[in-house]
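Have a look at the structure below before the remarks.
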Amino acid sequence: MPSTRLPPAPRQLVHERGIPAFGVYQGIIDRLDWHALKTTPYQRLTRRLHHKRWQYAAIAHPAFFIGVAIVDVGWTGTAFAYLFDRKSGAIIAAASANGLPGFSTQIEDRAFGDAAFQAGRCRLSFRRDGERLELAVDSPQLKVAAHIQLADMPPVLAVIAPANWLAHSTHKSGGLRISGFADCQDRRYSLDGAVASLDYSNGLLARETRWRWASAHSLELGFNLQQGYMGDTENAAWLRGKLIRLGPVSFDYQPDDPLQGWRIRSDNGLLDLNFAPEGARREDKNLLIAASRYVQPIGRFNGQIQDPDGGAVHVVSDLLGVTEDHLSRW
């Protein structure tokens, strides 16, 4: 089987002649700007409504899981944060709010850069300070103060793909060291021993977008898997500091009962995982001209990933992470 090592990331999303630099890469794309993209007059007129950006952080600890996201969908913004307690099998703290882009929501056109959201008493932010990303959540339900270390981070997955309208880009990190704490229900949760991962996405997407997703990371092993609007382009695994591409994957689960077991396999046989949900975050929104249906089960992955370069098999054992079934009309 040929090597699945990835070429280095280009400096920008769009070539000089206005064509996206489609591909799957390793590294950071410096210039995340779609203005040079060759488009029709109608596409230029409606581009702001189709421009979607988000930054998401996952924090996996043996006792709990935290998810945080700030999202700018062009005409509105939203943010959420939650803490899932593994002992009780429940979301014990959650914050979620909607706001106005440019006012409540700001996201930098930079992978793993600054992002901020504020609406009422809900404030979330990512602030880049050199080789450190500072994460803060301040809400009545949940408070988080964390430092995510970007120095010596595993190789970054960078993708530019056709998506389902014009084009989309994403950056995914492997497992990152993190320090800090979370406060909720009069209890402090130390982040010592936790592992973080990051997702920064920036693209021009169709009004209706759907995906299935799975992600889990330790400091030595992890994966990002997707079936939906980006095809197989962001399916990859991190194996002891090495980033490999996995190709198409299938998600076998029960959409009407996502807390039943899942099985995820790659078509090329390199990955075979079983997922046992322990609980889930759900959120359905109807904002009149837009709507979303979202469920993110949290649980354990077991199975194996094979390195195509030499055939070594890496065992996945009770690796904490998430799956997701998401439909948005935005």
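Letters for chains follow the order of the structure tokens (A, B, ...), residue numbers begin at 1 for each chain, and ligand numbers begin at 1 in the order shown.
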Problem set entry | Polymer residues at most 12 Å from A:Gln185, only C-alpha atoms, same-chain spacing of 5 or more positions, as a PyMOL selection string | chain A and resi 83+85+91-94+140-143
Written selection (N, CA and C atoms) as a PDB file, in the first residue's frame:
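Okay, part.pdb is ready:
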```pdb
ATOM      1  N   LEU A  83     -19.983  20.740  30.203  1.00  0.00           N
ATOM      2  CA  LEU A  83     -19.137  19.789  30.927  1.00  0.00           C
ATOM      3  C   LEU A  83     -19.943  18.524  31.160  1.00  0.00           C
ATOM      4  N   ASP A  85     -19.986  14.938  32.968  1.00  0.00           N
ATOM      5  CA  ASP A  85     -19.405  14.188  34.074  1.00  0.00           C
ATOM      6  C   ASP A  85     -19.558  12.690  33.802  1.00  0.00           C
ATOM      7  N   ILE A  91     -24.643  15.652  31.347  1.00  0.00           N
ATOM      8  CA  ILE A  91     -24.167  17.023  31.218  1.00  0.00           C
ATOM      9  C   ILE A  91     -24.560  17.743  32.510  1.00  0.00           C
ATOM     10  N   ILE A  92     -23.602  18.147  33.305  1.00  0.00           N
ATOM     11  CA  ILE A  92     -23.946  18.782  34.582  1.00  0.00           C
ATOM     12  C   ILE A  92     -23.850  20.305  34.524  1.00  0.00           C
ATOM     13  N   ALA A  93     -23.305  20.843  33.415  1.00  0.00           N
ATOM     14  CA  ALA A  93     -23.275  22.290  33.233  1.00  0.00           C
ATOM     15  C   ALA A  93     -23.229  22.586  31.752  1.00  0.00           C
ATOM     16  N   ALA A  94     -24.036  23.543  31.301  1.00  0.00           N
ATOM     17  CA  ALA A  94     -24.072  23.893  29.891  1.00  0.00           C
ATOM     18  C   ALA A  94     -24.470  25.350  29.732  1.00  0.00           C
ATOM     19  N   PRO A 140     -23.125  31.861  34.025  1.00  0.00           N
ATOM     20  CA  PRO A 140     -23.653  31.439  35.325  1.00  0.00           C
ATOM     21  C   PRO A 140     -23.554  29.937  35.559  1.00  0.00           C
ATOM     22  N   GLN A 141     -23.616  29.151  34.484  1.00  0.00           N
ATOM     23  CA  GLN A 141     -23.633  27.704  34.624  1.00  0.00           C
ATOM     24  C   GLN A 141     -22.233  27.084  34.701  1.00  0.00           C
ATOM     25  N   LEU A 142     -21.278  27.666  33.958  1.00  0.00           N
ATOM     26  CA  LEU A 142     -19.967  27.046  33.793  1.00  0.00           C
ATOM     27  C   LEU A 142     -18.907  28.120  33.604  1.00  0.00           C
ATOM     28  N   LYS A 143     -17.768  27.926  34.272  1.00  0.00           N
ATOM     29  CA  LYS A 143     -16.607  28.793  34.079  1.00  0.00           C
ATOM     30  C   LYS A 143     -15.402  27.911  33.776  1.00  0.00           C
TER      31      LYS A 143
END
```
Exercise. Counting only C-alpha atoms, what is within 9 Å of A:Gly102, bar same-chain residues fewer than 2 positions away, as a ChimeraX atom specification?
Worked result: /A:72,76-77,100,104-107
For this session: Mind checking which residues fall within 6 Å of stretch 148-154 of chain A, counting only C-alpha atoms, ignoring those fewer than 6 positions away in the same chain, and posting them as a list in words?
Result: Glu131, Arg132, Leu133, Gly174, Arg177, Ile178 and Gly241 of chain A
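If only C-alpha atoms are the atoms counted, then among A:Thr39, A:Gln55, A:Thr78, A:Ser169 the closest residue to A:Gly23 is A:Ser169.
For the residues A:Trp75, A:Ala236, A:Val68, A:Trp34, ranking by smallest atom-to-atom distance to A:Phe126 using only C-alpha atoms places A:Val68 first.
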Exercise. Can you list, as a PyMOL selection string, every protein, DNA or RNA residue that comes within 6 Å of stretch 197-213 of chain A when you count only C-alpha atoms, leaving out same-chain residues fewer than 5 positions away?
Worked result: chain A and resi 50-58+111+164-176+225-228+323-330
Those residues with N, CA, C and O atoms, as a CSV table (one decimal), in the first residue's frame please?
```csv
chain,number,residue,atom,x,y,z
A,50,HIS,N,-23.1,33.1,3.1
A,50,HIS,CA,-22.6,31.7,3.0
A,50,HIS,C,-21.2,31.5,3.8
A,50,HIS,O,-20.8,30.4,3.9
A,51,HIS,N,-20.6,32.6,4.2
A,51,HIS,CA,-19.3,32.5,4.9
A,51,HIS,C,-19.5,32.0,6.3
A,51,HIS,O,-20.1,32.7,7.1
A,52,LYS,N,-19.0,30.8,6.6
A,52,LYS,CA,-19.1,30.2,8.0
A,52,LYS,C,-17.7,30.0,8.6
A,52,LYS,O,-16.8,29.5,7.9
A,53,ARG,N,-17.6,30.4,9.8
A,53,ARG,CA,-16.4,30.2,10.6
A,53,ARG,C,-16.7,29.7,12.0
A,53,ARG,O,-17.7,30.1,12.6
A,54,TRP,N,-15.9,28.8,12.4
A,54,TRP,CA,-16.0,28.3,13.8
A,54,TRP,C,-14.7,27.8,14.4
A,54,TRP,O,-13.8,27.4,13.7
A,55,GLN,N,-14.6,28.0,15.7
A,55,GLN,CA,-13.5,27.4,16.5
A,55,GLN,C,-14.0,26.6,17.6
A,55,GLN,O,-14.9,27.0,18.4
A,56,TYR,N,-13.6,25.3,17.7
A,56,TYR,CA,-14.1,24.3,18.7
A,56,TYR,C,-12.9,23.8,19.4
A,56,TYR,O,-11.8,23.5,18.8
A,57,ALA,N,-13.1,23.6,20.7
A,57,ALA,CA,-12.1,22.9,21.5
A,57,ALA,C,-12.7,21.8,22.3
A,57,ALA,O,-13.8,21.9,22.8
A,58,ALA,N,-12.1,20.6,22.3
A,58,ALA,CA,-12.5,19.5,23.1
A,58,ALA,C,-11.4,19.2,24.2
A,58,ALA,O,-10.2,19.3,23.9
A,111,ALA,N,-6.0,30.1,11.8
A,111,ALA,CA,-6.2,28.8,12.5
A,111,ALA,C,-5.7,28.9,13.9
A,111,ALA,O,-4.6,29.4,14.2
A,164,ASN,N,-19.9,22.0,-0.4
A,164,ASN,CA,-21.2,21.9,-1.0
A,164,ASN,C,-21.8,23.2,-1.5
A,164,ASN,O,-22.9,23.3,-1.9
A,165,TRP,N,-21.0,24.3,-1.6
A,165,TRP,CA,-21.4,25.5,-2.3
A,165,TRP,C,-20.2,26.0,-3.1
A,165,TRP,O,-20.2,25.8,-4.3
A,166,LEU,N,-19.2,26.6,-2.5
A,166,LEU,CA,-18.0,27.0,-3.3
A,166,LEU,C,-16.8,26.3,-2.8
A,166,LEU,O,-16.2,25.5,-3.5
A,167,ALA,N,-16.4,26.5,-1.5
A,167,ALA,CA,-15.2,25.9,-1.0
A,167,ALA,C,-15.2,26.0,0.5
A,167,ALA,O,-15.8,26.9,1.1
A,168,HIS,N,-14.4,25.1,1.1
A,168,HIS,CA,-14.3,25.2,2.6
A,168,HIS,C,-12.9,24.8,3.0
A,168,HIS,O,-12.2,24.1,2.3
A,169,SER,N,-12.4,25.3,4.1
A,169,SER,CA,-11.1,24.9,4.7
A,169,SER,C,-11.3,24.5,6.2
A,169,SER,O,-12.2,25.0,6.9
A,170,THR,N,-10.4,23.7,6.6
A,170,THR,CA,-10.4,23.3,8.0
A,170,THR,C,-9.0,23.0,8.5
A,170,THR,O,-8.2,22.5,7.7
A,171,HIS,N,-8.7,23.2,9.8
A,171,HIS,CA,-7.5,22.8,10.4
A,171,HIS,C,-7.9,22.0,11.6
A,171,HIS,O,-8.8,22.4,12.4
A,172,LYS,N,-7.3,20.8,11.8
A,172,LYS,CA,-7.6,20.0,12.9
A,172,LYS,C,-6.2,19.7,13.6
A,172,LYS,O,-5.2,19.4,13.0
A,173,SER,N,-6.3,19.7,15.0
A,173,SER,CA,-5.0,19.4,15.7
A,173,SER,C,-5.1,18.0,16.3
A,173,SER,O,-6.2,17.4,16.4
A,174,GLY,N,-4.0,17.5,16.7
A,174,GLY,CA,-3.9,16.2,17.4
A,174,GLY,C,-4.0,16.6,18.9
A,174,GLY,O,-4.4,17.7,19.3
A,175,GLY,N,-3.6,15.6,19.8
A,175,GLY,CA,-3.7,15.8,21.2
A,175,GLY,C,-2.7,16.9,21.7
A,175,GLY,O,-1.5,16.9,21.3
A,176,LEU,N,-3.2,17.8,22.5
A,176,LEU,CA,-2.4,18.9,23.0
A,176,LEU,C,-2.5,18.9,24.6
A,176,LEU,O,-3.5,18.6,25.2
A,225,LEU,N,-12.7,12.0,11.9
A,225,LEU,CA,-13.4,11.3,10.9
A,225,LEU,C,-14.7,12.0,10.5
A,225,LEU,O,-15.4,12.5,11.4
A,226,GLN,N,-15.0,12.1,9.2
A,226,GLN,CA,-16.2,12.8,8.8
A,226,GLN,C,-16.8,12.2,7.6
A,226,GLN,O,-16.1,11.7,6.7
A,227,GLN,N,-18.2,12.2,7.5
A,227,GLN,CA,-18.9,11.8,6.4
A,227,GLN,C,-20.0,12.8,6.1
A,227,GLN,O,-20.8,13.0,7.0
A,228,GLY,N,-19.8,13.5,5.0
A,228,GLY,CA,-20.8,14.6,4.7
A,228,GLY,C,-20.3,15.6,3.7
A,228,GLY,O,-19.7,15.2,2.7
A,323,THR,N,-18.8,11.5,19.0
A,323,THR,CA,-19.4,11.4,17.6
A,323,THR,C,-20.4,12.5,17.5
A,323,THR,O,-20.7,13.2,18.5
A,324,GLU,N,-20.9,12.7,16.3
A,324,GLU,CA,-21.8,13.8,16.1
A,324,GLU,C,-22.7,13.6,14.9
A,324,GLU,O,-22.2,13.0,13.8
A,325,ASP,N,-23.9,13.9,15.0
A,325,ASP,CA,-24.9,13.9,13.8
A,325,ASP,C,-25.5,15.3,13.8
A,325,ASP,O,-26.1,15.7,14.7
A,326,HIS,N,-25.2,16.0,12.7
A,326,HIS,CA,-25.5,17.5,12.7
A,326,HIS,C,-26.2,17.8,11.3
A,326,HIS,O,-25.6,17.5,10.3
A,327,LEU,N,-27.3,18.5,11.4
A,327,LEU,CA,-27.9,19.1,10.2
A,327,LEU,C,-28.2,20.6,10.5
A,327,LEU,O,-28.9,20.9,11.5
A,328,SER,N,-27.7,21.4,9.6
A,328,SER,CA,-28.0,22.9,9.8
A,328,SER,C,-28.6,23.4,8.5
A,328,SER,O,-28.1,23.1,7.4
A,329,ARG,N,-29.6,24.3,8.7
A,329,ARG,CA,-30.1,25.2,7.6
A,329,ARG,C,-29.7,26.6,8.1
A,329,ARG,O,-30.4,27.2,8.9
A,330,TRP,N,-28.6,27.1,7.5
A,330,TRP,CA,-28.1,28.4,7.9
A,330,TRP,C,-27.7,29.3,6.8
A,330,TRP,O,-27.0,30.2,6.9
```
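If you look at atom CA of A:Asn235 and atom CA of A:Pro248, they are 7.1 Å away from each other.
Across the model, the gap from atom CA of A:Asp267 to atom CA of A:Arg5 is 17.8 Å.
Atom CA of A:Leu6 is found 17.2 Å from atom CA of A:Asp30.
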Exercise. Residues of stretch 20-234 of chain A in strand (DSSP E) according to DSSP, as a PyMOL selection string?
Worked result: chain A and resi 23-26+51-61+64-72+77-85+90-99+105-107+115-119+122-129+132-138+143-149+157-161+167-172+176-184+187-190+195-204+208-217+221-228
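Comparing A:Phe22, A:Gly269, A:Phe84, A:Ser292 by their smallest distance to A:Gly311, the closest is A:Gly269 (using only C-alpha atoms).
Distances to A:Leu319 were evaluated for A:Asn268, A:Gln296, A:Ser215, A:Gln306 using only C-alpha atoms, and the minimum falls at A:Ser215.
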Exercise. Looking only at the backbone, which of the residues in stretch 43-188 of chain A does DSSP tag as helix (DSSP H, G or I), as an NGL selection string?
Worked result: :A and (43-50)
Dump of C-alpha atoms for the selected residues, as a tab-separated table (two decimals), in the first residue's frame:
```tsv
chain	number	residue	atom	x	y	z
A	43	GLN	CA	-21.94	34.51	-5.60
A	44	ARG	CA	-20.10	37.69	-4.66
A	45	LEU	CA	-23.39	39.34	-3.64
A	46	THR	CA	-24.40	36.45	-1.35
A	47	ARG	CA	-20.97	35.38	-0.13
A	48	ARG	CA	-21.34	36.98	3.31
A	49	LEU	CA	-24.44	34.87	4.00
A	50	HIS	CA	-22.56	31.70	3.02
```
For this session: Could you give me, as a PyMOL selection string, the residues within 8 Å of A:Gly27, counting only C-alpha atoms and dropping anything in the same chain fewer than 5 positions from it?
Result: chain A and resi 8-9+155-158
Can you spit out the residues from that selection as a short mmCIF file (atom, residue, chain, number, x, y, z; two decimals), in the first residue's frame, using C-alpha atoms?
```cif
data_model
loop_
_atom_site.label_atom_id
_atom_site.label_comp_id
_atom_site.auth_asym_id
_atom_site.auth_seq_id
_atom_site.Cartn_x
_atom_site.Cartn_y
_atom_site.Cartn_z
CA PRO A 8 3.03 20.64 3.23
CA ALA A 9 0.22 23.19 3.49
CA PRO A 155 1.28 17.80 12.87
CA VAL A 156 -1.79 19.83 11.95
CA LEU A 157 -4.26 18.52 9.37
CA ALA A 158 -5.16 21.28 6.88
#
```
Seminar exercise, completed: Across A:Gly113, A:Pro7, A:Pro162, A:Pro41, the smallest distance to A:Pro20, with only C-alpha atoms counted, is shown by A:Pro162
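Between A:Asp114 and the candidates A:Ile70, A:Ile29, A:Ala145, A:Leu239, the tightest atom-to-atom separation, counting only C-alpha atoms, involves A:Ile70.
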Problem set entry | Who sits within 6 Å of A:Phe181, only C-alpha atoms, same chain under 2 positions skipped, as a ChimeraX atom specification | /A:144-145,189-191
